[in-house]
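**Student:** Below: one structure in structure tokens.
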Amino acid sequence: MTVARATILPVASLAQWVEGARPRTLPNAVAPVIAGTGAAAWLGEAVWWRALLALVVSLALIVGVNYANDYSDGIRGTDDVRAGPLRLVGSRLATPRAVATAAAISLGVGAVAGLVLAVVSQPWLIAVGAACIAGAWLYTGGSKPYGYIGLGEIAVFVFFGLVAVLGTQYTQALRVDWVGAALAVATGALSSAVLVANNLRDIPTDRESGKITLAVRLGDRRTRVLYQVLVAAAFVLTLVLMLATPWCAAGLVALPLAVRAAKPVRSGLGGRDLIPVLRDTGLTMLVWSIAVAAALTFG
């Protein structure tokens with residue numbers, strides 16, 4: 001006699017799906033749009049509904065890349081031993097297929113919003129959007145993910161710094177300037193610093209699983225130096241932006257947050273003690289972008 005056995009599939013709760021989207025990284029999506037809109041306002045060309053479309057694109061892409069990362073790292077076994085936030089596949093809370101579907105839906109939403117934004121501004125931006133989606137998936141996906149060879153920070157700098165800020169400015173003003181470029185570099189530096197802190201925390205487990213991030217290549221000490229250089233660069237560029245208007249000094253209001261974010265890194269802490277660094281660096285970026293964008297808009 002054959003006895004049928006029920007197959008129990010993992011079912012993550014809504015709260016776990018939200019945590020799997022990694023909400024601590026959302027400032028990496030919001031800050032570039034705020035900064036780019038401030039740059040457009042500096043040119044007298046801010047268009048708020050286009051800014052909202054850009055925000056949808058940016059948020060959808062970062063949620064999509066987070067789920068894609070969860071899926072790809074999960075099926076490779078990279079997340080089997082982990083000190084960081086919850087991962088759905090690695091924790092066996094959701095099937096790889098479900099997480100891959102969530103990634104595809106998120107990236108699809110970003111693609112639709114980006115298509116609308118490109119059509120109403122410049123159609124050639126469709127190619128830029130396609131590159132962003134490909135970059136989101138290939139970060140840890142595909143046969144040769146670039147996140148596994150130490151290029152993650154460069155990609156974050158390009159996509160969530162240069163492309164996101166200058167793209168937001170361009171879709172509203174149909175041009176970019178040196179103010180937008182300075183904002184893009186500063187935002188990219190802070191956004192990259194978030195990933196540097198994340199990869200600093202994961203050096204032991206990434207090295208063991210064969211994920212050769214930039215932090216693994218540099219080692220613990222030099223990665224800590226890199227993080228502090230990236231954060232400092234944003235505030236140096238804040239001083240440069242004061243050449244446009246002295247009101248950009250308002251960006252220095254985020255400096256105490258940056259000091260708090262860097263303290264665990266400077267103190268040599270590791271593992272779960274570095275998780276607050278991601279939150280505080282993201283908060284630094286968000287407060288900085290709001291302050292500087294307001295200065296450019298009203299100054």
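Numbering starts fresh at 1 for the residues of each chain in the structure tokens, the chains themselves are lettered A, B, ... in the order given, and ligands are numbered from 1 as they appear.
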Which residues are close to segment 39-54 of chain A, i.e. within 10 Å by only C-alpha atoms, leaving aside same-chain residues fewer than 5 positions away? Reply as a PyMOL selection string.

**Tutor:** chain A and resi 29-30+32-34+59-60+110+112-117+120-121+164-184+244-245+292-299

**Student:** Could you name the residues that touch segment 139-150 of chain A at 10 Å or less, counting only C-alpha atoms, but leaving out those on the same chain fewer than 2 positions away, as a ChimeraX atom specification?

**Tutor:** /A:65-66,68-73,76,134-137,152-156,206,210-218

**Student:** Residues at most 9 Å from segment 84-92 of chain A, counting only C-alpha atoms, excluding those fewer than 2 positions away in the same chain, as a PyMOL selection string?

**Tutor:** chain A and resi 10-12+16-17+19-22+67+70-75+77-82+94-96+99+198+201-202+271-272+274-275

**Student:** Can those selected residues be exported to a file as a tab-separated table (two decimals), in the first residue's frame so that it contains N, CA and C atoms?

**Tutor:**
```tsv
chain	number	residue	atom	x	y	z
A	10	PRO	N	7.38	26.16	2.16
A	10	PRO	CA	7.62	27.29	3.06
A	10	PRO	C	6.71	28.46	2.71
A	11	VAL	N	6.18	29.10	3.72
A	11	VAL	CA	5.31	30.25	3.51
A	11	VAL	C	5.78	31.37	4.43
A	12	ALA	N	6.40	32.38	3.84
A	12	ALA	CA	6.87	33.51	4.63
A	12	ALA	C	5.70	34.44	4.95
A	16	GLN	N	7.94	39.12	6.97
A	16	GLN	CA	9.20	38.55	6.50
A	16	GLN	C	9.47	38.92	5.05
A	17	TRP	N	8.41	39.01	4.23
A	17	TRP	CA	8.60	39.48	2.86
A	17	TRP	C	9.09	40.93	2.85
A	19	GLU	N	10.77	42.40	5.28
A	19	GLU	CA	12.16	42.38	5.73
A	19	GLU	C	13.09	41.88	4.62
A	20	GLY	N	12.60	40.91	3.84
A	20	GLY	CA	13.40	40.39	2.73
A	20	GLY	C	13.65	41.43	1.66
A	21	ALA	N	12.77	42.42	1.56
A	21	ALA	CA	12.98	43.52	0.61
A	21	ALA	C	14.05	44.48	1.07
A	22	ARG	N	14.50	44.31	2.31
A	22	ARG	CA	15.59	45.09	2.92
A	22	ARG	C	15.28	46.59	2.95
A	67	TYR	N	15.54	41.38	-3.91
A	67	TYR	CA	14.95	40.05	-4.05
A	67	TYR	C	15.78	39.18	-5.00
A	70	ASP	N	18.66	37.98	-3.05
A	70	ASP	CA	18.19	36.94	-2.13
A	70	ASP	C	18.08	35.60	-2.88
A	71	TYR	N	17.46	35.64	-4.04
A	71	TYR	CA	17.28	34.42	-4.85
A	71	TYR	C	18.62	33.83	-5.28
A	72	SER	N	19.47	34.65	-5.89
A	72	SER	CA	20.71	34.13	-6.46
A	72	SER	C	21.68	33.64	-5.39
A	73	ASP	N	21.84	34.42	-4.31
A	73	ASP	CA	22.71	33.99	-3.23
A	73	ASP	C	22.13	32.76	-2.53
A	74	GLY	N	20.79	32.70	-2.44
A	74	GLY	CA	20.15	31.58	-1.77
A	74	GLY	C	20.38	30.26	-2.48
A	75	ILE	N	20.22	30.26	-3.81
A	75	ILE	CA	20.38	29.00	-4.54
A	75	ILE	C	21.85	28.59	-4.64
A	77	GLY	N	23.85	28.97	-2.05
A	77	GLY	CA	24.26	28.59	-0.70
A	77	GLY	C	25.07	29.65	0.02
A	78	THR	N	25.19	30.84	-0.59
A	78	THR	CA	25.97	31.91	0.02
A	78	THR	C	25.37	32.37	1.34
A	79	ASP	N	24.04	32.31	1.45
A	79	ASP	CA	23.35	32.81	2.64
A	79	ASP	C	23.06	31.73	3.68
A	80	ASP	N	23.64	30.53	3.52
A	80	ASP	CA	23.35	29.46	4.48
A	80	ASP	C	23.83	29.83	5.88
A	81	VAL	N	24.97	30.50	5.95
A	81	VAL	CA	25.47	31.01	7.23
A	81	VAL	C	25.60	32.51	7.08
A	82	ARG	N	24.87	33.25	7.88
A	82	ARG	CA	24.77	34.69	7.64
A	82	ARG	C	24.63	35.46	8.94
A	94	ALA	N	10.92	30.97	2.05
A	94	ALA	CA	10.21	31.08	0.78
A	94	ALA	C	10.98	30.28	-0.26
A	95	THR	N	10.26	29.79	-1.25
A	95	THR	CA	10.91	29.02	-2.30
A	95	THR	C	11.70	29.96	-3.22
A	96	PRO	N	12.75	29.45	-3.83
A	96	PRO	CA	13.49	30.27	-4.79
A	96	PRO	C	12.59	30.83	-5.90
A	99	VAL	N	10.64	33.91	-4.67
A	99	VAL	CA	11.48	35.10	-4.53
A	99	VAL	C	11.90	35.62	-5.90
A	198	ASN	N	28.04	46.73	4.43
A	198	ASN	CA	27.39	45.41	4.35
A	198	ASN	C	28.42	44.32	4.07
A	201	ARG	N	30.85	43.54	6.98
A	201	ARG	CA	30.24	42.62	7.94
A	201	ARG	C	30.32	41.18	7.47
A	202	ASP	N	30.18	40.97	6.16
A	202	ASP	CA	30.08	39.62	5.61
A	202	ASP	C	31.40	39.04	5.14
A	271	GLY	N	30.54	41.66	12.50
A	271	GLY	CA	29.33	40.85	12.60
A	271	GLY	C	28.07	41.69	12.71
A	272	ARG	N	27.16	41.25	13.58
A	272	ARG	CA	25.88	41.93	13.74
A	272	ARG	C	26.03	43.34	14.31
A	274	LEU	N	27.71	45.57	13.10
A	274	LEU	CA	27.82	46.50	11.97
A	274	LEU	C	26.48	46.76	11.29
A	275	ILE	N	25.43	46.03	11.68
A	275	ILE	CA	24.12	46.23	11.05
A	275	ILE	C	23.62	47.66	11.20
```

**Student:** Between atom CA of Ile203 of chain A and atom CA of Ala258 of chain A, measure the distance and give it in Å to one decimal.

**Tutor:** 22.4 Å

**Student:** Pick out the residues sitting within 7 Å of Gly64 of chain A, and hand them over as a short mmCIF file (atom, residue, chain, number, x, y, z; two decimals) with N, CA, C and O atoms, in the first residue's frame; count only C-alpha atoms, and ignore anything fewer than 5 positions along from it in its own chain.

**Tutor:**
```
data_model
loop_
_atom_site.label_atom_id
_atom_site.label_comp_id
_atom_site.auth_asym_id
_atom_site.auth_seq_id
_atom_site.Cartn_x
_atom_site.Cartn_y
_atom_site.Cartn_z
N ALA A 103 11.12 39.33 -7.47
CA ALA A 103 12.14 40.17 -8.11
C ALA A 103 11.68 40.61 -9.49
O ALA A 103 11.81 41.78 -9.87
N ALA A 104 11.12 39.66 -10.25
CA ALA A 104 10.67 39.97 -11.61
C ALA A 104 9.53 40.99 -11.60
O ALA A 104 9.50 41.91 -12.44
N SER A 106 8.92 43.27 -9.27
CA SER A 106 9.48 44.58 -8.88
C SER A 106 10.21 45.23 -10.04
O SER A 106 10.01 46.43 -10.33
N LEU A 107 11.05 44.47 -10.72
CA LEU A 107 11.78 45.01 -11.87
C LEU A 107 10.83 45.38 -12.99
O LEU A 107 11.07 46.35 -13.73
#
```
